[in-house]
file data.cif (mmCIF, N, CA and C atoms)
data_my_file
#
loop_
_atom_site.label_atom_id
_atom_site.label_comp_id
_atom_site.auth_asym_id
_atom_site.auth_seq_id
_atom_site.Cartn_x
_atom_site.Cartn_y
_atom_site.Cartn_z
N MET A 262 93.20 91.67 114.98
CA MET A 262 93.26 90.41 114.24
C MET A 262 92.34 90.53 113.02
N TYR A 263 92.82 90.03 111.91
CA TYR A 263 92.06 90.08 110.66
C TYR A 263 91.60 88.68 110.27
N LEU A 264 90.50 88.61 109.55
CA LEU A 264 89.98 87.32 109.09
C LEU A 264 90.92 86.66 108.09
N ASN A 265 91.52 87.47 107.22
CA ASN A 265 92.43 86.97 106.19
C ASN A 265 93.15 88.17 105.58
N GLU A 266 93.98 87.91 104.58
CA GLU A 266 94.78 88.99 103.99
C GLU A 266 93.91 90.01 103.25
N PHE A 267 92.81 89.57 102.65
CA PHE A 267 91.91 90.50 101.99
C PHE A 267 91.26 91.43 103.02
N ASP A 268 90.81 90.87 104.12
CA ASP A 268 90.22 91.65 105.20
C ASP A 268 91.23 92.65 105.75
N ALA A 269 92.47 92.25 105.89
CA ALA A 269 93.51 93.15 106.40
C ALA A 269 93.68 94.35 105.47
N THR A 270 93.72 94.11 104.18
CA THR A 270 93.88 95.20 103.22
C THR A 270 92.67 96.11 103.22
N MET A 271 91.49 95.54 103.12
CA MET A 271 90.27 96.34 103.02
C MET A 271 90.02 97.17 104.28
N ARG A 272 90.30 96.63 105.44
CA ARG A 272 90.06 97.37 106.68
C ARG A 272 91.00 98.57 106.82
N GLN A 273 92.18 98.48 106.22
CA GLN A 273 93.11 99.60 106.30
C GLN A 273 92.74 100.75 105.36
N ILE A 274 92.06 100.45 104.26
CA ILE A 274 91.67 101.52 103.34
C ILE A 274 90.18 101.82 103.40
N GLN A 275 89.46 101.09 104.24
CA GLN A 275 88.03 101.30 104.40
C GLN A 275 87.77 102.64 105.09
N GLY A 276 86.85 103.36 104.58
CA GLY A 276 86.51 104.67 105.12
C GLY A 276 86.22 105.58 103.95
N LYS A 277 85.24 106.42 104.10
CA LYS A 277 84.77 107.23 102.99
C LYS A 277 85.86 108.09 102.36
N TRP A 278 86.83 108.57 103.15
CA TRP A 278 87.79 109.54 102.65
C TRP A 278 89.23 109.01 102.55
N LYS A 279 89.50 107.82 103.03
CA LYS A 279 90.88 107.34 103.10
C LYS A 279 91.55 107.27 101.73
N VAL A 280 90.86 106.76 100.74
CA VAL A 280 91.47 106.65 99.41
C VAL A 280 91.77 108.04 98.85
N MET A 281 90.87 108.98 99.06
CA MET A 281 91.12 110.35 98.59
C MET A 281 92.32 110.96 99.30
N ILE A 282 92.45 110.70 100.58
CA ILE A 282 93.61 111.19 101.34
C ILE A 282 94.89 110.59 100.76
N LEU A 283 94.89 109.29 100.56
CA LEU A 283 96.07 108.61 100.03
C LEU A 283 96.44 109.15 98.65
N TYR A 284 95.45 109.37 97.79
CA TYR A 284 95.73 109.92 96.46
C TYR A 284 96.27 111.34 96.53
N GLU A 285 95.72 112.16 97.39
CA GLU A 285 96.22 113.53 97.52
C GLU A 285 97.67 113.53 97.98
N LEU A 286 98.00 112.70 98.94
CA LEU A 286 99.38 112.62 99.42
C LEU A 286 100.30 112.06 98.34
N HIS A 287 99.79 111.13 97.55
CA HIS A 287 100.57 110.57 96.45
C HIS A 287 100.85 111.65 95.40
N GLU A 288 99.85 112.43 95.07
CA GLU A 288 99.99 113.44 94.02
C GLU A 288 100.76 114.67 94.48
N GLU A 289 100.54 115.10 95.72
CA GLU A 289 101.10 116.37 96.19
C GLU A 289 102.32 116.21 97.09
N GLY A 290 102.57 115.01 97.58
CA GLY A 290 103.68 114.83 98.51
C GLY A 290 103.25 115.21 99.92
N THR A 291 104.06 115.96 100.60
CA THR A 291 103.77 116.36 101.96
C THR A 291 102.79 117.53 101.97
N VAL A 292 101.71 117.38 102.73
CA VAL A 292 100.69 118.44 102.78
C VAL A 292 100.23 118.66 104.22
N ARG A 293 99.62 119.82 104.42
CA ARG A 293 99.06 120.17 105.71
C ARG A 293 97.57 119.85 105.74
N PHE A 294 97.02 119.86 106.94
CA PHE A 294 95.61 119.51 107.17
C PHE A 294 94.69 120.35 106.28
N ASN A 295 94.91 121.65 106.23
CA ASN A 295 94.03 122.53 105.46
C ASN A 295 94.03 122.20 103.98
N THR A 296 95.16 121.76 103.46
CA THR A 296 95.24 121.36 102.05
C THR A 296 94.36 120.13 101.80
N LEU A 297 94.43 119.17 102.71
CA LEU A 297 93.58 117.98 102.58
C LEU A 297 92.11 118.35 102.68
N GLU A 298 91.79 119.23 103.59
CA GLU A 298 90.41 119.68 103.78
C GLU A 298 89.86 120.35 102.51
N ARG A 299 90.67 121.18 101.87
CA ARG A 299 90.25 121.84 100.61
C ARG A 299 90.11 120.83 99.48
N TYR A 300 91.01 119.86 99.41
CA TYR A 300 90.98 118.86 98.34
C TYR A 300 89.72 117.99 98.44
N ILE A 301 89.39 117.56 99.64
CA ILE A 301 88.26 116.65 99.81
C ILE A 301 86.93 117.41 99.80
N GLN A 302 86.90 118.61 100.29
CA GLN A 302 85.76 119.52 100.26
C GLN A 302 84.61 119.14 101.19
N ASP A 303 84.05 117.98 101.09
CA ASP A 303 82.84 117.63 101.84
C ASP A 303 83.10 116.98 103.19
N VAL A 304 84.34 116.83 103.58
CA VAL A 304 84.66 116.14 104.83
C VAL A 304 84.65 117.14 105.99
N SER A 305 84.15 116.70 107.14
CA SER A 305 84.20 117.55 108.33
C SER A 305 85.60 117.47 108.93
N PRO A 306 86.03 118.50 109.64
CA PRO A 306 87.35 118.45 110.28
C PRO A 306 87.49 117.25 111.23
N LYS A 307 86.43 116.94 111.96
CA LYS A 307 86.47 115.81 112.90
C LYS A 307 86.69 114.48 112.16
N THR A 308 85.96 114.29 111.08
CA THR A 308 86.09 113.05 110.31
C THR A 308 87.46 112.96 109.66
N LEU A 309 87.94 114.06 109.10
CA LEU A 309 89.26 114.05 108.48
C LEU A 309 90.33 113.71 109.52
N THR A 310 90.22 114.28 110.70
CA THR A 310 91.16 113.97 111.78
C THR A 310 91.13 112.50 112.13
N GLN A 311 89.93 111.92 112.24
CA GLN A 311 89.81 110.49 112.56
C GLN A 311 90.43 109.62 111.48
N GLN A 312 90.15 109.94 110.22
CA GLN A 312 90.68 109.14 109.12
C GLN A 312 92.21 109.23 109.07
N LEU A 313 92.75 110.43 109.30
CA LEU A 313 94.20 110.60 109.33
C LEU A 313 94.82 109.80 110.47
N LYS A 314 94.21 109.82 111.64
CA LYS A 314 94.73 109.05 112.77
C LYS A 314 94.74 107.56 112.46
N GLN A 315 93.67 107.06 111.83
CA GLN A 315 93.61 105.65 111.49
C GLN A 315 94.67 105.28 110.45
N LEU A 316 94.84 106.13 109.45
CA LEU A 316 95.87 105.87 108.44
C LEU A 316 97.27 105.88 109.06
N GLU A 317 97.49 106.78 110.01
CA GLU A 317 98.77 106.83 110.70
C GLU A 317 98.97 105.59 111.56
N GLN A 318 97.95 105.18 112.29
CA GLN A 318 98.04 103.98 113.13
C GLN A 318 98.33 102.73 112.30
N ASP A 319 97.77 102.69 111.09
CA ASP A 319 98.00 101.54 110.21
C ASP A 319 99.32 101.64 109.45
N GLY A 320 100.06 102.73 109.66
CA GLY A 320 101.36 102.88 109.04
C GLY A 320 101.33 103.30 107.58
N LEU A 321 100.18 103.80 107.12
CA LEU A 321 100.06 104.18 105.71
C LEU A 321 100.50 105.61 105.45
N ILE A 322 100.48 106.45 106.48
CA ILE A 322 100.95 107.83 106.35
C ILE A 322 101.85 108.17 107.54
N THR A 323 102.61 109.22 107.37
CA THR A 323 103.40 109.75 108.48
C THR A 323 102.87 111.13 108.84
N ARG A 324 103.00 111.47 110.09
CA ARG A 324 102.56 112.78 110.61
C ARG A 324 103.76 113.41 111.29
N THR A 325 104.13 114.59 110.83
CA THR A 325 105.27 115.29 111.40
C THR A 325 104.78 116.59 112.03
N VAL A 326 105.09 116.76 113.32
CA VAL A 326 104.72 117.97 114.05
C VAL A 326 105.98 118.80 114.25
N TYR A 327 105.92 120.06 113.82
CA TYR A 327 107.05 120.96 113.98
C TYR A 327 106.81 121.84 115.21
N PRO A 328 107.82 121.95 116.08
CA PRO A 328 107.66 122.73 117.32
C PRO A 328 107.71 124.23 117.06
N GLU A 329 106.64 124.74 116.48
CA GLU A 329 106.53 126.15 116.16
C GLU A 329 105.27 126.70 116.80
N VAL A 330 105.14 128.01 116.82
CA VAL A 330 103.92 128.63 117.29
C VAL A 330 103.37 129.48 116.16
N PRO A 331 102.19 129.15 115.63
CA PRO A 331 101.37 127.99 115.95
C PRO A 331 102.01 126.71 115.41
N PRO A 332 101.65 125.57 115.98
CA PRO A 332 102.25 124.31 115.54
C PRO A 332 101.93 124.02 114.07
N ARG A 333 102.90 123.46 113.39
CA ARG A 333 102.72 123.07 111.99
C ARG A 333 102.77 121.55 111.94
N VAL A 334 101.75 120.96 111.31
CA VAL A 334 101.65 119.50 111.18
C VAL A 334 101.57 119.18 109.70
N GLU A 335 102.40 118.23 109.26
CA GLU A 335 102.40 117.82 107.86
C GLU A 335 102.20 116.31 107.76
N TYR A 336 101.52 115.91 106.70
CA TYR A 336 101.23 114.50 106.44
C TYR A 336 101.88 114.09 105.12
N ALA A 337 102.34 112.84 105.07
CA ALA A 337 102.94 112.30 103.86
C ALA A 337 102.68 110.80 103.80
N LEU A 338 102.76 110.24 102.62
CA LEU A 338 102.65 108.79 102.48
C LEU A 338 103.89 108.13 103.07
N SER A 339 103.69 107.04 103.75
CA SER A 339 104.82 106.22 104.20
C SER A 339 105.17 105.27 103.05
N ALA A 340 106.24 104.51 103.22
CA ALA A 340 106.59 103.51 102.21
C ALA A 340 105.46 102.49 102.06
N LYS A 341 104.87 102.10 103.17
CA LYS A 341 103.74 101.16 103.14
C LYS A 341 102.57 101.77 102.38
N GLY A 342 102.27 103.04 102.63
CA GLY A 342 101.19 103.72 101.92
C GLY A 342 101.48 103.84 100.43
N SER A 343 102.71 104.15 100.08
CA SER A 343 103.09 104.24 98.66
C SER A 343 102.92 102.91 97.96
N SER A 344 103.14 101.82 98.68
CA SER A 344 103.01 100.49 98.07
C SER A 344 101.56 100.17 97.70
N LEU A 345 100.60 100.91 98.27
CA LEU A 345 99.18 100.71 97.95
C LEU A 345 98.76 101.39 96.64
N ILE A 346 99.51 102.38 96.18
CA ILE A 346 99.09 103.17 95.03
C ILE A 346 98.86 102.33 93.77
N PRO A 347 99.73 101.38 93.42
CA PRO A 347 99.44 100.56 92.24
C PRO A 347 98.14 99.76 92.38
N LEU A 348 97.85 99.29 93.57
CA LEU A 348 96.60 98.58 93.82
C LEU A 348 95.40 99.52 93.64
N LEU A 349 95.49 100.72 94.20
CA LEU A 349 94.41 101.69 94.06
C LEU A 349 94.25 102.14 92.62
N ASP A 350 95.36 102.27 91.89
CA ASP A 350 95.29 102.60 90.46
C ASP A 350 94.52 101.52 89.69
N ALA A 351 94.79 100.26 90.01
CA ALA A 351 94.10 99.15 89.34
C ALA A 351 92.60 99.19 89.64
N ILE A 352 92.24 99.49 90.88
CA ILE A 352 90.82 99.60 91.25
C ILE A 352 90.18 100.77 90.50
N CYS A 353 90.88 101.89 90.42
CA CYS A 353 90.37 103.05 89.67
C CYS A 353 90.17 102.70 88.20
N ASP A 354 91.15 102.05 87.61
CA ASP A 354 91.05 101.68 86.19
C ASP A 354 89.83 100.79 85.95
N TRP A 355 89.61 99.84 86.84
CA TRP A 355 88.45 98.96 86.72
C TRP A 355 87.16 99.76 86.84
N GLY A 356 87.10 100.66 87.82
CA GLY A 356 85.91 101.49 88.00
C GLY A 356 85.63 102.38 86.80
N LEU A 357 86.67 102.96 86.23
CA LEU A 357 86.50 103.81 85.04
C LEU A 357 86.04 102.99 83.83
N ALA A 358 86.53 101.75 83.73
CA ALA A 358 86.19 100.91 82.59
C ALA A 358 84.78 100.33 82.69
N THR A 359 84.23 100.25 83.89
CA THR A 359 82.95 99.57 84.06
C THR A 359 81.81 100.48 84.53
N THR A 360 82.09 101.76 84.67
CA THR A 360 81.09 102.70 85.17
C THR A 360 80.95 103.87 84.22
N SER A 361 79.73 104.24 83.92
CA SER A 361 79.48 105.40 83.06
C SER A 361 79.96 106.66 83.77
N ARG A 362 80.60 107.55 83.03
CA ARG A 362 81.14 108.79 83.60
C ARG A 362 80.06 109.63 84.26
N ASN A 363 78.84 109.60 83.73
CA ASN A 363 77.79 110.43 84.31
C ASN A 363 77.31 109.89 85.67
N GLN A 364 77.77 108.72 86.06
CA GLN A 364 77.45 108.18 87.38
C GLN A 364 78.51 108.57 88.41
N LEU A 365 79.60 109.18 87.98
CA LEU A 365 80.69 109.54 88.87
C LEU A 365 80.62 111.02 89.23
N MET A 366 80.58 111.32 90.51
CA MET A 366 80.60 112.71 90.95
C MET A 366 81.98 113.31 90.74
N ARG A 367 83.00 112.46 90.80
CA ARG A 367 84.39 112.92 90.72
C ARG A 367 85.26 111.74 90.33
N THR A 368 86.37 112.00 89.67
CA THR A 368 87.34 110.94 89.41
C THR A 368 88.62 111.27 90.15
N LEU A 369 89.31 110.25 90.59
CA LEU A 369 90.55 110.45 91.34
C LEU A 369 91.79 110.15 90.51
N CYS A 370 91.70 109.19 89.63
CA CYS A 370 92.93 108.70 89.01
C CYS A 370 92.95 108.81 87.50
N ASP A 371 92.01 109.49 86.91
CA ASP A 371 92.00 109.66 85.46
C ASP A 371 92.50 111.05 85.14
N ASP A 372 93.70 111.16 84.60
CA ASP A 372 94.31 112.47 84.32
C ASP A 372 93.52 113.27 83.28
N GLU A 373 92.76 112.59 82.44
CA GLU A 373 92.03 113.29 81.38
C GLU A 373 90.65 113.75 81.81
N ALA A 374 90.21 113.38 83.00
CA ALA A 374 88.87 113.75 83.45
C ALA A 374 88.80 115.22 83.81
N PRO A 375 87.67 115.86 83.52
CA PRO A 375 87.52 117.26 83.90
C PRO A 375 87.40 117.40 85.41
N ALA A 376 87.85 118.51 85.92
CA ALA A 376 87.75 118.75 87.36
C ALA A 376 86.30 118.86 87.76
N PRO A 377 85.99 118.50 89.03
CA PRO A 377 84.59 118.56 89.48
C PRO A 377 84.06 119.98 89.52
#

call {"tool": "encode", "arguments": {"input": "data.cif", "output": "structure tokens"}}
result
Amino acid sequence: MYLNEFDATMRQIQGKWKVMILYELHEEGTVRFNTLERYIQDVSPKTLTQQLKQLEQDGLITRTVYPEVPPRVEYALSAKGSSLIPLLDAICDWGLATTSRNQLMRTLCDDEAPAP
């Protein structure tokens, strides 16, 4: 149960790495765990697994397991997750407009920003 609609939205994207995961899936499409791990860099495998499970439970991403040896698991944005991207873009735009670049360790949504 959520306090209100704002609480419902924030609790689904709350988490240190969730927005980065959502952006990577938006930009790259379907990816494997190792790709997400390389993209985020500072996340532990345990934390990444937890964040992915929460995003899947909230219906923001899909997880597909292929019956192979070794097993192959791929993650992608769901339709619900894709619907969040314009909202996240607006938050990014606001952050870029109101924060000095030298205060940002990394940018997620500015195509002109140099890579970290």

call {"tool": "atom_distance", "arguments": {"input": "data.cif", "atom1": "atom N of Pro332 (chain A)", "atom2": "atom N of Thr296 (chain A)"}}
result
14.6 Å

call {"tool": "select_by_dssp", "arguments": {"input": "data.cif", "residues": "chain A", "states": "strand (DSSP E)", "output": "list of chain:residue names"}}
result
A:Val292, A:Arg293, A:Ile322, A:Thr323, A:Arg324, A:Thr325, A:Val326, A:Tyr327, A:Arg333, A:Val334, A:Glu335, A:Tyr336, A:Ala337, A:Leu338

call {"tool": "write_last_selection", "arguments": {"input": "data.cif", "atoms": "N, CA and C atoms", "output": "compact mmCIF listing (two decimals), keeping the file's coordinate frame"}}
result
# COMPACT_ATOMS: atom_id res chain seq x y z
N VAL A 292 101.71 117.38 102.73
CA VAL A 292 100.69 118.44 102.78
C VAL A 292 100.23 118.66 104.22
N ARG A 293 99.62 119.82 104.42
CA ARG A 293 99.06 120.17 105.71
C ARG A 293 97.57 119.85 105.74
N ILE A 322 100.48 106.45 106.48
CA ILE A 322 100.95 107.83 106.35
C ILE A 322 101.85 108.17 107.54
N THR A 323 102.61 109.22 107.37
CA THR A 323 103.40 109.75 108.48
C THR A 323 102.87 111.13 108.84
N ARG A 324 103.00 111.47 110.09
CA ARG A 324 102.56 112.78 110.61
C ARG A 324 103.76 113.41 111.29
N THR A 325 104.13 114.59 110.83
CA THR A 325 105.27 115.29 111.40
C THR A 325 104.78 116.59 112.03
N VAL A 326 105.09 116.76 113.32
CA VAL A 326 104.72 117.97 114.05
C VAL A 326 105.98 118.80 114.25
N TYR A 327 105.92 120.06 113.82
CA TYR A 327 107.05 120.96 113.98
C TYR A 327 106.81 121.84 115.21
N ARG A 333 102.90 123.46 113.39
CA ARG A 333 102.72 123.07 111.99
C ARG A 333 102.77 121.55 111.94
N VAL A 334 101.75 120.96 111.31
CA VAL A 334 101.65 119.50 111.18
C VAL A 334 101.57 119.18 109.70
N GLU A 335 102.40 118.23 109.26
CA GLU A 335 102.40 117.82 107.86
C GLU A 335 102.20 116.31 107.76
N TYR A 336 101.52 115.91 106.70
CA TYR A 336 101.23 114.50 106.44
C TYR A 336 101.88 114.09 105.12
N ALA A 337 102.34 112.84 105.07
CA ALA A 337 102.94 112.30 103.86
C ALA A 337 102.68 110.80 103.80
N LEU A 338 102.76 110.24 102.62
CA LEU A 338 102.65 108.79 102.48
C LEU A 338 103.89 108.13 103.07

call {"tool": "closest_residue", "arguments": {"input": "data.cif", "among": "A:Gln275, A:Thr291, A:Thr270, A:Gln315", "to": "Ala337 (chain A)", "atoms": "all atoms listed in the file"}}
result
A:Thr291

call {"tool": "resolve_selection", "arguments": {"input": "data.cif", "expression": "the PyMOL selection byres ((chain A and resi 340) around 8)", "output": "PyMOL selection string"}}
result
chain A and resi 320-323+337-339+341-345

call {"tool": "atom_distance", "arguments": {"input": "data.cif", "atom1": "CA of Arg293 (chain A)", "atom2": "atom C of Glu335 (chain A)"}}
result
5.4 Å

call {"tool": "residues_around", "arguments": {"input": "data.cif", "residues": "Gln273 (chain A)", "least_positions_apart": "5", "cutoff": "8 Å", "atoms": "all atoms listed in the file", "output": "VMD selection string"}}
result
chain A and resid 267 to 268 279 to 280 315 to 316 319

call {"tool": "write_last_selection", "arguments": {"input": "data.cif", "atoms": "N, CA and C atoms", "output": "CSV table (one decimal), keeping the file's coordinate frame"}}
result
chain,number,residue,atom,x,y,z
A,267,PHE,N,92.8,89.6,102.6
A,267,PHE,CA,91.9,90.5,102.0
A,267,PHE,C,91.3,91.4,103.0
A,268,ASP,N,90.8,90.9,104.1
A,268,ASP,CA,90.2,91.6,105.2
A,268,ASP,C,91.2,92.6,105.8
A,279,LYS,N,89.5,107.8,103.0
A,279,LYS,CA,90.9,107.3,103.1
A,279,LYS,C,91.6,107.3,101.7
A,280,VAL,N,90.9,106.8,100.7
A,280,VAL,CA,91.5,106.6,99.4
A,280,VAL,C,91.8,108.0,98.8
A,315,GLN,N,93.7,107.1,111.8
A,315,GLN,CA,93.6,105.6,111.5
A,315,GLN,C,94.7,105.3,110.4
A,316,LEU,N,94.8,106.1,109.4
A,316,LEU,CA,95.9,105.9,108.4
A,316,LEU,C,97.3,105.9,109.1
A,319,ASP,N,97.8,102.7,111.1
A,319,ASP,CA,98.0,101.5,110.2
A,319,ASP,C,99.3,101.6,109.4

call {"tool": "residues_near_point", "arguments": {"input": "data.cif", "point": "(86.4, 108.1, 89.9)", "cutoff": "10 Å", "atoms": "only C-alpha atoms", "output": "NGL selection string"}}
result
:A and (352-357 or 360 or 362 or 364-371 or 374)

call {"tool": "write_last_selection", "arguments": {"input": "data.cif", "atoms": "N, CA and C atoms", "output": "tab-separated table (two decimals), keeping the file's coordinate frame"}}
result
chain	number	residue	atom	x	y	z
A	352	ILE	N	92.24	99.49	90.88
A	352	ILE	CA	90.82	99.60	91.25
A	352	ILE	C	90.18	100.77	90.50
A	353	CYS	N	90.88	101.89	90.42
A	353	CYS	CA	90.37	103.05	89.67
A	353	CYS	C	90.17	102.70	88.20
A	354	ASP	N	91.15	102.05	87.61
A	354	ASP	CA	91.05	101.68	86.19
A	354	ASP	C	89.83	100.79	85.95
A	355	TRP	N	89.61	99.84	86.84
A	355	TRP	CA	88.45	98.96	86.72
A	355	TRP	C	87.16	99.76	86.84
A	356	GLY	N	87.10	100.66	87.82
A	356	GLY	CA	85.91	101.49	88.00
A	356	GLY	C	85.63	102.38	86.80
A	357	LEU	N	86.67	102.96	86.23
A	357	LEU	CA	86.50	103.81	85.04
A	357	LEU	C	86.04	102.99	83.83
A	360	THR	N	82.09	101.76	84.67
A	360	THR	CA	81.09	102.70	85.17
A	360	THR	C	80.95	103.87	84.22
A	362	ARG	N	80.60	107.55	83.03
A	362	ARG	CA	81.14	108.79	83.60
A	362	ARG	C	80.06	109.63	84.26
A	364	GLN	N	77.77	108.72	86.06
A	364	GLN	CA	77.45	108.18	87.38
A	364	GLN	C	78.51	108.57	88.41
A	365	LEU	N	79.60	109.18	87.98
A	365	LEU	CA	80.69	109.54	88.87
A	365	LEU	C	80.62	111.02	89.23
A	366	MET	N	80.58	111.32	90.51
A	366	MET	CA	80.60	112.71	90.95
A	366	MET	C	81.98	113.31	90.74
A	367	ARG	N	83.00	112.46	90.80
A	367	ARG	CA	84.39	112.92	90.72
A	367	ARG	C	85.26	111.74	90.33
A	368	THR	N	86.37	112.00	89.67
A	368	THR	CA	87.34	110.94	89.41
A	368	THR	C	88.62	111.27	90.15
A	369	LEU	N	89.31	110.25	90.59
A	369	LEU	CA	90.55	110.45	91.34
A	369	LEU	C	91.79	110.15	90.51
A	370	CYS	N	91.70	109.19	89.63
A	370	CYS	CA	92.93	108.70	89.01
A	370	CYS	C	92.95	108.81	87.50
A	371	ASP	N	92.01	109.49	86.91
A	371	ASP	CA	92.00	109.66	85.46
A	371	ASP	C	92.50	111.05	85.14
A	374	ALA	N	90.21	113.38	83.00
A	374	ALA	CA	88.87	113.75	83.45
A	374	ALA	C	88.80	115.22	83.81

call {"tool": "atom_distance", "arguments": {"input": "data.cif", "atom1": "atom N of Ser305 (chain A)", "atom2": "CA of Trp278 (chain A)"}}
result
9.2 Å

call {"tool": "residues_near_point", "arguments": {"input": "data.cif", "point": "(104.5, 113.1, 114.1)", "cutoff": "9 Å", "atoms": "only C-alpha atoms", "output": "PDB file with N, CA and C atoms, keeping the file's coordinate frame"}}
result
ATOM      1  N   THR A 323     102.610 109.220 107.370  1.00  0.00           N
ATOM      2  CA  THR A 323     103.400 109.750 108.480  1.00  0.00           C
ATOM      3  C   THR A 323     102.870 111.130 108.840  1.00  0.00           C
ATOM      4  N   ARG A 324     103.000 111.470 110.090  1.00  0.00           N
ATOM      5  CA  ARG A 324     102.560 112.780 110.610  1.00  0.00           C
ATOM      6  C   ARG A 324     103.760 113.410 111.290  1.00  0.00           C
ATOM      7  N   THR A 325     104.130 114.590 110.830  1.00  0.00           N
ATOM      8  CA  THR A 325     105.270 115.290 111.400  1.00  0.00           C
ATOM      9  C   THR A 325     104.780 116.590 112.030  1.00  0.00           C
ATOM     10  N   VAL A 326     105.090 116.760 113.320  1.00  0.00           N
ATOM     11  CA  VAL A 326     104.720 117.970 114.050  1.00  0.00           C
ATOM     12  C   VAL A 326     105.980 118.800 114.250  1.00  0.00           C
ATOM     13  N   TYR A 327     105.920 120.060 113.820  1.00  0.00           N
ATOM     14  CA  TYR A 327     107.050 120.960 113.980  1.00  0.00           C
ATOM     15  C   TYR A 327     106.810 121.840 115.210  1.00  0.00           C
ATOM     16  N   VAL A 334     101.750 120.960 111.310  1.00  0.00           N
ATOM     17  CA  VAL A 334     101.650 119.500 111.180  1.00  0.00           C
ATOM     18  C   VAL A 334     101.570 119.180 109.700  1.00  0.00           C
ATOM     19  N   GLU A 335     102.400 118.230 109.260  1.00  0.00           N
ATOM     20  CA  GLU A 335     102.400 117.820 107.860  1.00  0.00           C
ATOM     21  C   GLU A 335     102.200 116.310 107.760  1.00  0.00           C
ATOM     22  N   TYR A 336     101.520 115.910 106.700  1.00  0.00           N
ATOM     23  CA  TYR A 336     101.230 114.500 106.440  1.00  0.00           C
ATOM     24  C   TYR A 336     101.880 114.090 105.120  1.00  0.00           C
TER      25      TYR A 336
END

call {"tool": "residues_around", "arguments": {"input": "data.cif", "residues": "region 297-301 of chain A", "least_positions_apart": "5", "cutoff": "8 Å", "atoms": "all atoms listed in the file", "output": "list in words"}}
result
Trp278, Met281, Ile282, Glu285, Leu286, Val292, Pro306 and Leu309 of chain A

call {"tool": "axis_aligned_box", "arguments": {"input": "data.cif", "around": "region 307-325 of chain A", "padding_each_side": "5 Å", "output": "lines of an AutoDock Vina configuration file"}}
result
center_x = 95.6
center_y = 109.2
center_z = 109.3
size_x = 29.3
size_y = 25.4
size_z = 17.7

call {"tool": "closest_residue", "arguments": {"input": "data.cif", "among": "A:Gln312, A:Glu289, A:Phe294, A:Leu348", "to": "Arg333 (chain A)", "atoms": "all atoms listed in the file"}}
result
A:Phe294
